[in-house]
file structure-v4.txt (compact mmCIF, C-alpha atoms)
# COMPACT_ATOMS: atom_id res chain seq x y z
CA MET A 1 295.36 139.70 -5.96
CA VAL A 2 298.01 140.08 -3.26
CA LEU A 3 300.02 142.36 -5.57
CA LEU A 4 301.15 144.76 -2.84
CA LEU A 5 302.02 141.95 -0.41
CA SER A 6 304.01 140.27 -3.19
CA ALA A 7 305.77 143.51 -4.11
CA VAL A 8 306.86 144.24 -0.52
CA SER A 9 307.84 140.59 0.06
CA LEU A 10 310.00 140.66 -3.05
CA LEU A 11 311.61 143.92 -1.94
CA SER A 12 312.27 142.50 1.55
CA ALA A 13 313.84 139.34 0.07
CA LEU A 14 316.12 141.39 -2.21
CA HIS A 15 317.03 143.60 0.75
CA LEU A 16 317.96 140.52 2.79
CA GLY A 17 320.07 139.35 -0.17
CA TYR A 18 321.78 142.75 -0.15
CA LEU A 19 322.56 142.36 3.58
CA THR A 20 323.95 138.87 2.91
CA ARG A 21 326.27 140.46 0.37
CA GLN A 22 327.56 142.87 3.07
CA VAL A 23 328.77 139.87 5.10
CA GLY A 24 330.76 138.70 2.06
CA LYS A 25 332.22 142.21 1.65
CA SER A 26 333.15 142.31 5.34
CA ARG A 27 334.91 138.94 4.86
CA SER A 28 337.04 140.46 2.06
CA ILE A 29 337.87 143.63 4.02
CA HIS A 30 339.01 141.71 7.12
CA GLY A 31 340.52 138.75 5.23
CA ILE A 32 338.30 136.10 6.83
CA THR A 33 337.74 133.18 4.45
CA PRO A 34 334.80 130.76 4.83
CA PRO A 35 334.00 128.66 6.83
CA ALA A 36 335.59 130.85 9.55
CA VAL A 37 333.11 133.14 11.35
CA ASN A 38 335.42 134.68 13.93
CA GLY A 39 337.99 137.43 13.67
CA ALA A 40 337.80 141.23 13.59
CA PRO A 41 335.08 142.60 15.93
CA GLU A 42 333.50 144.54 13.05
CA PHE A 43 333.18 141.35 11.02
CA GLU A 44 331.67 139.50 13.99
CA ARG A 45 329.08 142.24 14.48
CA THR A 46 328.26 142.23 10.74
CA PHE A 47 327.92 138.46 10.86
CA ARG A 48 325.63 138.53 13.91
CA ALA A 49 323.57 141.40 12.49
CA HIS A 50 322.90 139.33 9.38
CA GLN A 51 322.08 136.24 11.45
CA ASN A 52 319.55 138.23 13.46
CA CYS A 53 317.91 139.56 10.28
CA VAL A 54 317.69 135.99 8.97
CA GLU A 55 316.14 134.77 12.26
CA PHE A 56 313.50 137.51 12.21
CA TYR A 57 312.65 137.18 8.53
CA PRO A 58 310.22 134.19 8.66
CA ILE A 59 308.48 135.75 11.69
CA PHE A 60 308.09 138.97 9.72
CA LEU A 61 306.77 137.15 6.64
CA VAL A 62 304.13 135.31 8.67
CA VAL A 63 302.78 138.35 10.55
CA PHE A 64 303.01 140.44 7.36
CA TRP A 65 301.02 138.00 5.19
CA THR A 66 298.44 137.07 7.83
CA ALA A 67 297.87 140.78 8.58
CA GLY A 68 297.65 141.61 4.87
CA LEU A 69 295.34 138.73 3.99
CA HIS A 70 292.93 139.17 6.91
CA THR A 71 292.86 142.93 7.47
CA SER A 72 294.16 145.59 5.07
CA GLU A 73 296.64 144.81 2.30
CA VAL A 74 297.61 148.49 1.93
CA LEU A 75 298.24 148.96 5.66
CA ALA A 76 300.32 145.77 5.85
CA ALA A 77 302.31 146.84 2.78
CA VAL A 78 303.13 150.22 4.31
CA LEU A 79 304.19 148.60 7.60
CA GLY A 80 306.26 146.12 5.57
CA LEU A 81 308.15 148.98 3.92
CA PHE A 82 308.85 150.50 7.35
CA TYR A 83 310.09 147.08 8.50
CA ILE A 84 312.62 146.89 5.65
CA TYR A 85 313.88 150.36 6.60
CA ALA A 86 314.04 149.39 10.30
CA GLN A 87 316.05 146.25 9.46
CA HIS A 88 318.37 148.38 7.31
CA CYS A 89 319.03 150.69 10.29
CA PHE A 90 319.44 147.69 12.61
CA PHE A 91 322.02 146.04 10.33
CA PHE A 92 324.21 149.05 9.66
CA GLY A 93 323.80 150.31 13.23
CA TYR A 94 324.99 146.94 14.56
CA GLN A 95 327.88 146.89 12.06
CA ALA A 96 329.07 150.25 13.43
CA SER A 97 328.74 149.31 17.11
CA SER A 98 327.01 146.85 19.39
CA LYS A 99 324.80 149.60 20.85
CA GLY A 100 324.02 150.95 17.40
CA ARG A 101 321.70 148.02 16.79
CA LEU A 102 319.17 149.03 19.42
CA SER A 103 317.01 151.69 17.70
CA GLY A 104 316.57 149.60 14.55
CA PHE A 105 315.88 146.55 16.68
CA TYR A 106 313.13 148.24 18.72
CA ALA A 107 311.59 149.75 15.58
CA SER A 108 311.49 146.28 13.94
CA LEU A 109 309.92 144.85 17.07
CA VAL A 110 307.21 147.52 17.23
CA ILE A 111 306.31 146.89 13.57
CA ILE A 112 306.18 143.11 14.06
CA ILE A 113 303.96 143.53 17.14
CA THR A 114 301.66 145.92 15.23
CA LEU A 115 301.35 143.48 12.31
CA ALA A 116 300.74 140.60 14.74
CA ASN A 117 297.93 142.58 16.43
CA LEU A 118 296.36 143.42 13.07
CA ALA A 119 296.56 139.78 12.04
CA THR A 120 295.05 138.61 15.34
CA VAL A 121 292.06 140.95 14.97
CA GLY A 122 291.55 139.99 11.33
CA ILE A 123 291.80 136.23 11.91
CA PHE A 124 289.71 136.34 15.09
CA SER A 125 286.82 138.23 13.44
CA GLY A 126 287.18 135.99 10.37
CA ILE A 127 286.86 132.82 12.47
CA LEU A 128 283.86 134.27 14.35
CA ASP A 129 282.21 135.06 11.02
CA GLU A 130 283.08 131.79 9.27
CA TYR A 131 282.61 129.22 12.02
CA PHE A 132 280.17 130.92 14.43
CA ASP A 133 278.26 133.17 12.04
CA ILE A 134 278.98 136.25 14.17
CA ASP A 135 279.69 139.43 12.19
CA LEU A 136 281.88 141.47 14.55
CA LYS A 137 281.90 144.62 12.40
CA LYS A 138 278.12 144.86 12.38
CA LYS A 139 277.90 144.21 16.14
CA ILE A 140 280.40 146.99 16.89
CA LEU A 141 278.70 149.46 14.52
CA LYS A 142 275.37 148.77 16.27
CA MET B 1 289.75 131.21 3.47
CA VAL B 2 292.89 129.75 5.09
CA LEU B 3 291.77 131.14 8.48
CA LEU B 4 292.95 128.16 10.53
CA LEU B 5 296.28 127.91 8.67
CA SER B 6 296.79 131.65 9.25
CA ALA B 7 295.86 131.38 12.93
CA VAL B 8 298.31 128.53 13.61
CA SER B 9 301.05 130.21 11.52
CA LEU B 10 300.62 133.41 13.52
CA LEU B 11 300.77 131.45 16.78
CA SER B 12 303.90 129.60 15.63
CA ALA B 13 305.59 132.89 14.64
CA LEU B 14 304.77 134.47 18.00
CA HIS B 15 306.04 131.33 19.75
CA LEU B 16 309.32 131.55 17.81
CA GLY B 17 309.55 135.20 18.84
CA TYR B 18 309.05 134.09 22.45
CA LEU B 19 311.92 131.59 22.09
CA THR B 20 314.11 134.33 20.59
CA ARG B 21 313.42 136.37 23.72
CA GLN B 22 314.67 133.46 25.88
CA VAL B 23 318.08 133.76 24.20
CA GLY B 24 318.18 137.43 25.18
CA LYS B 25 317.23 136.52 28.75
CA SER B 26 319.94 133.86 28.85
CA ARG B 27 322.43 136.50 27.67
CA SER B 28 321.48 138.71 30.65
CA ILE B 29 321.64 135.86 33.18
CA HIS B 30 325.10 134.74 32.05
CA GLY B 31 326.42 138.24 31.22
CA ILE B 32 327.15 137.52 27.56
CA THR B 33 326.81 140.67 25.47
CA PRO B 34 326.25 140.56 21.67
CA PRO B 35 327.88 139.75 19.30
CA ALA B 36 329.47 137.01 21.51
CA VAL B 37 327.79 133.62 21.21
CA ASN B 38 330.08 131.58 23.45
CA GLY B 39 330.28 131.30 27.21
CA ALA B 40 328.30 129.41 29.85
CA PRO B 41 327.23 125.93 28.64
CA GLU B 42 323.57 126.72 29.45
CA PHE B 43 323.70 129.80 27.25
CA GLU B 44 325.33 127.84 24.43
CA ARG B 45 322.60 125.20 24.60
CA THR B 46 319.90 127.90 24.65
CA PHE B 47 321.55 129.58 21.66
CA ARG B 48 321.79 126.32 19.69
CA ALA B 49 318.23 125.31 20.62
CA HIS B 50 316.96 128.58 19.17
CA GLN B 51 319.12 128.19 16.06
CA ASN B 52 317.66 124.73 15.48
CA CYS B 53 314.10 126.05 15.87
CA VAL B 54 314.90 128.78 13.33
CA GLU B 55 316.37 126.23 10.90
CA PHE B 56 313.30 124.00 11.11
CA TYR B 57 310.77 126.80 10.90
CA PRO B 58 310.67 127.35 7.10
CA ILE B 59 310.53 123.57 6.56
CA PHE B 60 307.58 123.39 8.95
CA LEU B 61 305.81 126.31 7.25
CA VAL B 62 306.13 124.70 3.81
CA VAL B 63 304.88 121.23 4.81
CA PHE B 64 302.18 122.80 6.99
CA TRP B 65 300.77 125.06 4.25
CA THR B 66 301.06 122.54 1.42
CA ALA B 67 299.34 119.91 3.60
CA GLY B 68 296.65 122.37 4.65
CA LEU B 69 296.00 123.71 1.15
CA HIS B 70 295.90 120.34 -0.61
CA THR B 71 294.38 118.01 1.98
CA SER B 72 292.54 119.05 5.16
CA GLU B 73 292.94 122.50 6.72
CA VAL B 74 291.61 121.30 10.09
CA LEU B 75 293.96 118.30 10.24
CA ALA B 76 296.98 120.44 9.29
CA ALA B 77 295.99 123.06 11.90
CA VAL B 78 295.80 120.42 14.66
CA LEU B 79 299.18 118.98 13.66
CA GLY B 80 300.55 122.54 13.59
CA LEU B 81 299.47 123.08 17.19
CA PHE B 82 301.20 119.85 18.20
CA TYR B 83 304.32 121.04 16.37
CA ILE B 84 304.42 124.28 18.37
CA TYR B 85 304.13 122.24 21.58
CA ALA B 86 306.87 119.82 20.40
CA GLN B 87 309.19 122.74 19.60
CA HIS B 88 308.45 124.18 23.03
CA CYS B 89 309.52 120.90 24.68
CA PHE B 90 312.56 120.68 22.40
CA PHE B 91 313.73 124.19 23.30
CA PHE B 92 313.35 123.99 27.07
CA GLY B 93 314.56 120.38 27.13
CA TYR B 94 317.72 121.40 25.26
CA GLN B 95 318.20 124.41 27.55
CA ALA B 96 318.16 122.04 30.56
CA SER B 97 320.54 119.47 29.06
CA SER B 98 321.88 118.29 25.76
CA LYS B 99 319.98 114.99 26.02
CA GLY B 100 316.82 116.82 27.05
CA ARG B 101 316.34 117.97 23.46
CA LEU B 102 315.72 114.48 22.08
CA SER B 103 312.03 113.79 22.84
CA GLY B 104 310.90 117.19 21.54
CA PHE B 105 313.16 116.78 18.53
CA TYR B 106 311.71 113.39 17.57
CA ALA B 107 308.14 114.59 18.16
CA SER B 108 308.79 117.59 15.85
CA LEU B 109 310.27 115.27 13.25
CA VAL B 110 307.29 112.88 13.34
CA ILE B 111 304.86 115.79 12.88
CA ILE B 112 306.88 117.24 9.97
CA ILE B 113 307.01 113.82 8.28
CA THR B 114 303.25 113.36 8.80
CA LEU B 115 302.52 116.78 7.30
CA ALA B 116 304.88 116.06 4.40
CA ASN B 117 303.09 112.78 3.68
CA LEU B 118 299.69 114.49 3.78
CA ALA B 119 300.98 117.20 1.44
CA THR B 120 302.46 114.63 -0.95
CA VAL B 121 299.17 112.72 -1.19
CA GLY B 122 297.17 115.94 -1.65
CA ILE B 123 299.48 117.42 -4.30
CA PHE B 124 299.89 114.11 -6.14
CA SER B 125 296.13 113.49 -6.43
CA GLY B 126 295.66 117.18 -7.31
CA ILE B 127 298.18 116.94 -10.18
CA LEU B 128 296.62 113.69 -11.44
CA ASP B 129 293.22 115.42 -11.42
CA GLU B 130 294.32 118.73 -12.94
CA TYR B 131 296.86 117.63 -15.55
CA PHE B 132 295.84 114.03 -16.33
CA ASP B 133 292.11 114.16 -15.60
CA ILE B 134 292.35 111.19 -13.22
CA ASP B 135 290.15 111.43 -10.13
CA LEU B 136 291.99 109.34 -7.55
CA LYS B 137 289.24 109.50 -4.90
CA LYS B 138 286.63 108.09 -7.27
CA LYS B 139 288.95 105.32 -8.47
CA ILE B 140 289.71 104.23 -4.91
CA LEU B 141 286.03 104.31 -3.87
CA LYS B 142 285.17 102.13 -6.88
CA MET C 1 295.63 125.94 -7.97
CA VAL C 2 299.33 126.41 -7.18
CA LEU C 3 299.90 122.66 -7.45
CA LEU C 4 303.29 122.91 -9.15
CA LEU C 5 304.51 125.65 -6.80
CA SER C 6 303.38 123.51 -3.85
CA ALA C 7 305.06 120.40 -5.25
CA VAL C 8 308.42 122.12 -5.79
CA SER C 9 308.20 123.88 -2.40
CA LEU C 10 307.56 120.57 -0.70
CA LEU C 11 310.49 118.99 -2.53
CA SER C 12 312.77 121.89 -1.59
CA ALA C 13 311.71 121.64 2.08
CA LEU C 14 312.40 117.89 2.14
CA HIS C 15 315.74 118.49 0.44
CA LEU C 16 316.66 121.06 3.11
CA GLY C 17 315.67 118.49 5.73
CA TYR C 18 317.97 116.01 4.02
CA LEU C 19 320.85 118.52 4.18
CA THR C 20 320.10 119.11 7.88
CA ARG C 21 320.50 115.37 8.37
CA GLN C 22 323.97 115.50 6.77
CA VAL C 23 325.09 117.88 9.54
CA GLY C 24 323.98 115.31 12.11
CA LYS C 25 325.86 112.59 10.23
CA SER C 26 328.98 114.76 10.10
CA ARG C 27 328.67 115.25 13.88
CA SER C 28 328.71 111.46 14.36
CA ILE C 29 331.65 110.91 12.00
CA HIS C 30 333.81 113.56 13.68
CA GLY C 31 332.53 112.92 17.24
CA ILE C 32 331.22 116.45 17.79
CA THR C 33 328.26 116.47 20.20
CA PRO C 34 325.73 119.33 20.34
CA PRO C 35 325.83 122.20 21.21
CA ALA C 36 329.47 122.34 19.96
CA VAL C 37 329.82 123.68 16.41
CA ASN C 38 333.61 123.69 16.11
CA GLY C 39 336.05 120.89 15.44
CA ALA C 40 337.19 119.04 12.32
CA PRO C 41 337.45 121.37 9.27
CA GLU C 42 335.15 119.08 7.27
CA PHE C 43 332.47 119.35 9.94
CA GLU C 44 332.84 123.14 10.07
CA ARG C 45 332.40 123.37 6.29
CA THR C 46 329.36 121.06 6.44
CA PHE C 47 327.91 123.17 9.23
CA ARG C 48 328.49 126.44 7.35
CA ALA C 49 327.15 124.98 4.09
CA HIS C 50 323.92 124.07 5.86
CA GLN C 51 323.72 127.50 7.51
CA ASN C 52 324.07 129.16 4.12
CA CYS C 53 321.32 126.99 2.63
CA VAL C 54 319.06 127.93 5.56
CA GLU C 55 319.84 131.64 5.09
CA PHE C 56 319.02 131.52 1.38
CA TYR C 57 315.87 129.43 1.74
CA PRO C 58 313.33 132.15 2.69
CA ILE C 59 314.74 134.41 -0.05
CA PHE C 60 314.27 131.57 -2.54
CA LEU C 61 310.72 130.87 -1.34
CA VAL C 62 309.71 134.52 -1.75
CA VAL C 63 311.13 135.03 -5.26
CA PHE C 64 309.85 131.57 -6.28
CA TRP C 65 306.26 132.15 -5.15
CA THR C 66 306.02 135.76 -6.31
CA ALA C 67 307.41 134.74 -9.73
CA GLY C 68 305.07 131.74 -9.92
CA LEU C 69 301.97 133.65 -8.83
CA HIS C 70 302.49 136.69 -11.04
CA THR C 71 304.11 135.25 -14.17
CA SER C 72 304.27 131.57 -15.16
CA GLU C 73 303.78 128.77 -12.63
CA VAL C 74 305.44 126.21 -14.95
CA LEU C 75 308.51 128.39 -15.57
CA ALA C 76 308.91 129.11 -11.85
CA ALA C 77 308.53 125.39 -11.04
CA VAL C 78 311.28 124.44 -13.52
CA LEU C 79 313.59 127.12 -12.14
CA GLY C 80 312.76 125.89 -8.63
CA LEU C 81 313.87 122.37 -9.54
CA PHE C 82 317.15 123.77 -10.90
CA TYR C 83 317.56 125.70 -7.64
CA ILE C 84 317.24 122.53 -5.55
CA TYR C 85 319.91 120.89 -7.73
CA ALA C 86 322.17 123.97 -7.46
CA GLN C 87 321.85 123.95 -3.65
CA HIS C 88 322.66 120.25 -3.67
CA CYS C 89 325.89 120.93 -5.60
CA PHE C 90 326.67 123.90 -3.35
CA PHE C 91 326.28 121.84 -0.16
CA PHE C 92 328.32 118.82 -1.17
CA GLY C 93 330.87 120.97 -2.99
CA TYR C 94 331.38 123.04 0.16
CA GLN C 95 331.60 119.89 2.29
CA ALA C 96 334.46 118.64 0.07
CA SER C 97 336.38 121.92 0.03
CA SER C 98 335.92 125.63 0.62
CA LYS C 99 336.38 126.39 -3.08
CA GLY C 100 334.02 123.58 -4.04
CA ARG C 101 331.07 125.71 -2.96
CA LEU C 102 331.53 128.33 -5.67
CA SER C 103 329.87 126.79 -8.76
CA GLY C 104 326.75 125.74 -6.86
CA PHE C 105 326.69 129.12 -5.17
CA TYR C 106 326.80 131.08 -8.43
CA ALA C 107 324.20 128.78 -10.03
CA SER C 108 321.86 129.37 -7.06
CA LEU C 109 322.43 133.10 -7.33
CA VAL C 110 321.66 133.19 -11.07
CA ILE C 111 318.40 131.28 -10.50
CA ILE C 112 317.35 133.57 -7.63
CA ILE C 113 318.09 136.66 -9.77
CA THR C 114 316.12 135.19 -12.70
CA LEU C 115 313.14 134.43 -10.46
CA ALA C 116 313.37 137.91 -8.92
CA ASN C 117 313.34 139.50 -12.39
CA LEU C 118 310.34 137.40 -13.45
CA ALA C 119 308.52 138.36 -10.25
CA THR C 120 309.35 142.06 -10.73
CA VAL C 121 307.95 142.06 -14.28
CA GLY C 122 304.83 140.15 -13.21
CA ILE C 123 304.10 142.30 -10.17
CA PHE C 124 304.89 145.56 -12.00
CA SER C 125 302.54 144.80 -14.91
CA GLY C 126 299.95 143.52 -12.41
CA ILE C 127 300.06 146.78 -10.43
CA LEU C 128 299.85 148.86 -13.64
CA ASP C 129 296.79 146.85 -14.68
CA GLU C 130 295.07 146.78 -11.27
CA TYR C 131 295.72 150.26 -9.95
CA PHE C 132 296.33 152.34 -13.12
CA ASP C 133 294.24 150.41 -15.63
CA ILE C 134 297.21 150.07 -18.01
CA ASP C 135 297.43 146.75 -19.84
CA LEU C 136 301.15 146.36 -20.55
CA LYS C 137 300.79 143.23 -22.70
CA LYS C 138 298.36 144.91 -25.09
CA LYS C 139 300.53 148.03 -25.34
CA ILE C 140 303.63 146.00 -26.22
CA LEU C 141 301.76 143.85 -28.77
CA LYS C 142 300.48 147.05 -30.46

call {"tool": "encode", "arguments": {"input": "structure-v4.txt", "output": "structure tokens"}}
result
Amino acid sequence: MVLLLSAVSLLSALHLGYLTRQVGKSRSIHGITPPAVNGAPEFERTFRAHQNCVEFYPIFLVVFWTAGLHTSEVLAAVLGLFYIYAQHCFFFGYQASSKGRLSGFYASLVIIITLANLATVGIFSGILDEYFDIDLKKKILK
Amino acid sequence: MVLLLSAVSLLSALHLGYLTRQVGKSRSIHGITPPAVNGAPEFERTFRAHQNCVEFYPIFLVVFWTAGLHTSEVLAAVLGLFYIYAQHCFFFGYQASSKGRLSGFYASLVIIITLANLATVGIFSGILDEYFDIDLKKKILK
Amino acid sequence: MVLLLSAVSLLSALHLGYLTRQVGKSRSIHGITPPAVNGAPEFERTFRAHQNCVEFYPIFLVVFWTAGLHTSEVLAAVLGLFYIYAQHCFFFGYQASSKGRLSGFYASLVIIITLANLATVGIFSGILDEYFDIDLKKKILK
């Protein structure tokens, strides 16, 4: 009962919380008190890196859950773990330098696109089955 | 099994990804490299338009799913499609001019309020039924 | 059928919408028209307070739903109500002064950590039961 999807979602939420904490740490290091969001270039990169992770998070959750619910929970869970790792690389790469964000960014994108494709296939064949009584799996196996 | 809610959620997530890409494109056009978020007025409007879409997205997802789960999945799905279109108009309207955001903004708001009302009715009658054994539908039909 | 989780989620989404509206109000009061996000210190604090609420919201939703699905729906719902109140205090505290955000912030954090712990226990014992056929509850009661 969505145990693996829940487990990876929980892990991803805690990881995002951990990244949020890095922004606070970067504030302390560079002496930038809220609500200011400008100052040392390293802080500004850390701040933007976090913002980008936040922006991508709901998109990830949607493709992750729709893929997991309508195709394979195990496959979605594994891709979800890779996504957390890719976001980790993106964040700390971006913190180090503006170009350092790219590999983690592209990896995240590839995983999101893969999950979105899985979800599309699963939902499409589900709708065919449910609303048009067409069993795609059987048709392909024939 | 939540196929229509999943389909519209997936579409909305991909649409938000598409809007995110527009910010990147606007960066290229106006030569603004990350982590900078200031510069040409058109870029700043594009950036803010995207931020607003991101801010509204979790609110939309919650009212959309609670409405769909507790009232009519088909009705919620149709409203969800209108929401994606309204956000589309909001984004490109805002990119064109600050006033251009208004019609799409109000349309989005109306859809969110409608979904929230649907969800409230569905959850309220569900709680009455489940916890107080009061069947609202029957009472009204009598 | 997740009625309480839906009810509290809906309430939290409407509350976040209400906070979003406060940013608009603060824009009017201080005469700051979109897309500008700088100006009067009070507006900047209001703007940042809202941003922080938006950043925390998906994290809250994930720990809230995973806790509610895999442990106790009632307990999660009560903690969710406290979270909304804590965010309320955080927002208006931050709007008043930069230090005013702290008590609401720490309260929110404690609730998120509690929900995350509940979810971890629930998912962990669920996975042991489902995939390893180990019933943790029985073992502890023995």

call {"tool": "closest_atom_pairs", "arguments": {"input": "structure-v4.txt", "of": "region 55-105 of chain B", "to": "region 22-41 of chain C", "cutoff": "12 Å", "atoms": "only C-alpha atoms", "output": "Markdown table"}}
result
| residue | atom | partner | partner_atom | distance |
| --- | --- | --- | --- | --- |
| B:Tyr94 | CA | C:Pro35 | CA | 9.1 |
| B:Gln95 | CA | C:Pro35 | CA | 10.2 |
| B:Ser97 | CA | C:Pro35 | CA | 9.9 |
| B:Ser98 | CA | C:Pro34 | CA | 6.7 |
| B:Lys99 | CA | C:Pro34 | CA | 9.2 |
| B:Gly100 | CA | C:Pro34 | CA | 11.4 |
| B:Arg101 | CA | C:Pro34 | CA | 10.0 |
| B:Leu102 | CA | C:Pro34 | CA | 11.3 |

call {"tool": "residues_near_point", "arguments": {"input": "structure-v4.txt", "point": "(308.3, 115.3, 21.5)", "cutoff": "12 Å", "atoms": "only C-alpha atoms", "output": "JSON, numbers by chain"}}
result
{"B": [82, 83, 84, 85, 86, 87, 88, 89, 90, 91, 92, 93, 94, 100, 101, 102, 103, 104, 105, 106, 107, 108, 109, 110, 111, 112]}

call {"tool": "residues_near_point", "arguments": {"input": "structure-v4.txt", "point": "(317.6, 128.5, 6.3)", "cutoff": "8 Å", "atoms": "only C-alpha atoms", "output": "ChimeraX atom specification"}}
result
/A:54 /B:54-56,58 /C:50-58

call {"tool": "interface_residues", "arguments": {"input": "structure-v4.txt", "of": "chain A", "to": "chain B", "cutoff": "6 Å", "atoms": "only C-alpha atoms", "output": "PyMOL selection string"}}
result
chain A and resi 45+48+59+66

call {"tool": "atom_distance", "arguments": {"input": "structure-v4.txt", "atom1": "CA of Val63 (chain B)", "atom2": "CA of Thr114 (chain B)"}}
result
9.0 Å

call {"tool": "atom_distance", "arguments": {"input": "structure-v4.txt", "atom1": "CA of Ile113 (chain B)", "atom2": "CA of Lys142 (chain B)"}}
result
29.0 Å

call {"tool": "atom_distance", "arguments": {"input": "structure-v4.txt", "atom1": "CA of Phe124 (chain C)", "atom2": "CA of Thr71 (chain C)"}}
result
10.6 Å

call {"tool": "decode", "arguments": {"input": "structure-v4.txt", "residues": "region 109-124 of chain C", "atoms": "N, CA, C and O atoms", "output": "short mmCIF file (atom, residue, chain, number, x, y, z; two decimals), in the first residue's frame"}}
result
data_model
loop_
_atom_site.label_atom_id
_atom_site.label_comp_id
_atom_site.auth_asym_id
_atom_site.auth_seq_id
_atom_site.Cartn_x
_atom_site.Cartn_y
_atom_site.Cartn_z
N LEU C 109 8.88 23.67 13.00
CA LEU C 109 9.95 22.68 12.85
C LEU C 109 9.69 21.46 13.73
O LEU C 109 9.83 20.31 13.29
N VAL C 110 9.30 21.71 15.00
CA VAL C 110 9.03 20.61 15.93
C VAL C 110 7.89 19.73 15.41
O VAL C 110 7.98 18.49 15.44
N ILE C 111 6.84 20.37 14.86
CA ILE C 111 5.71 19.60 14.34
C ILE C 111 6.13 18.77 13.13
O ILE C 111 5.77 17.59 13.01
N ILE C 112 6.91 19.38 12.22
CA ILE C 112 7.37 18.64 11.04
C ILE C 112 8.23 17.45 11.47
O ILE C 112 8.08 16.33 10.94
N ILE C 113 9.12 17.65 12.45
CA ILE C 113 9.99 16.56 12.91
C ILE C 113 9.15 15.45 13.56
O ILE C 113 9.38 14.26 13.33
N THR C 114 8.13 15.84 14.34
CA THR C 114 7.24 14.85 14.96
C THR C 114 6.52 14.03 13.90
O THR C 114 6.48 12.79 13.96
N LEU C 115 5.95 14.72 12.91
CA LEU C 115 5.25 14.02 11.83
C LEU C 115 6.21 13.10 11.06
O LEU C 115 5.85 11.97 10.71
N ALA C 116 7.43 13.59 10.83
CA ALA C 116 8.42 12.78 10.10
C ALA C 116 8.76 11.52 10.89
O ALA C 116 8.91 10.44 10.32
N ASN C 117 8.88 11.65 12.22
CA ASN C 117 9.18 10.49 13.06
C ASN C 117 8.03 9.49 13.03
O ASN C 117 8.24 8.28 12.89
N LEU C 118 6.79 10.00 13.17
CA LEU C 118 5.62 9.14 13.07
C LEU C 118 5.62 8.39 11.74
O LEU C 118 5.42 7.17 11.69
N ALA C 119 5.84 9.13 10.65
CA ALA C 119 5.82 8.52 9.32
C ALA C 119 6.90 7.45 9.20
O ALA C 119 6.66 6.37 8.66
N THR C 120 8.09 7.75 9.72
CA THR C 120 9.21 6.80 9.65
C THR C 120 8.84 5.49 10.35
O THR C 120 9.02 4.41 9.79
N VAL C 121 8.30 5.60 11.56
CA VAL C 121 7.90 4.40 12.31
C VAL C 121 6.83 3.62 11.54
O VAL C 121 6.94 2.40 11.35
N GLY C 122 5.81 4.35 11.04
CA GLY C 122 4.72 3.69 10.32
C GLY C 122 5.19 2.99 9.05
O GLY C 122 4.81 1.85 8.78
N ILE C 123 6.01 3.68 8.27
CA ILE C 123 6.49 3.11 7.01
C ILE C 123 7.43 1.94 7.28
O ILE C 123 7.35 0.89 6.63
N PHE C 124 8.33 2.12 8.26
CA PHE C 124 9.30 1.09 8.60
C PHE C 124 8.60 -0.20 9.02
O PHE C 124 8.89 -1.28 8.50
#
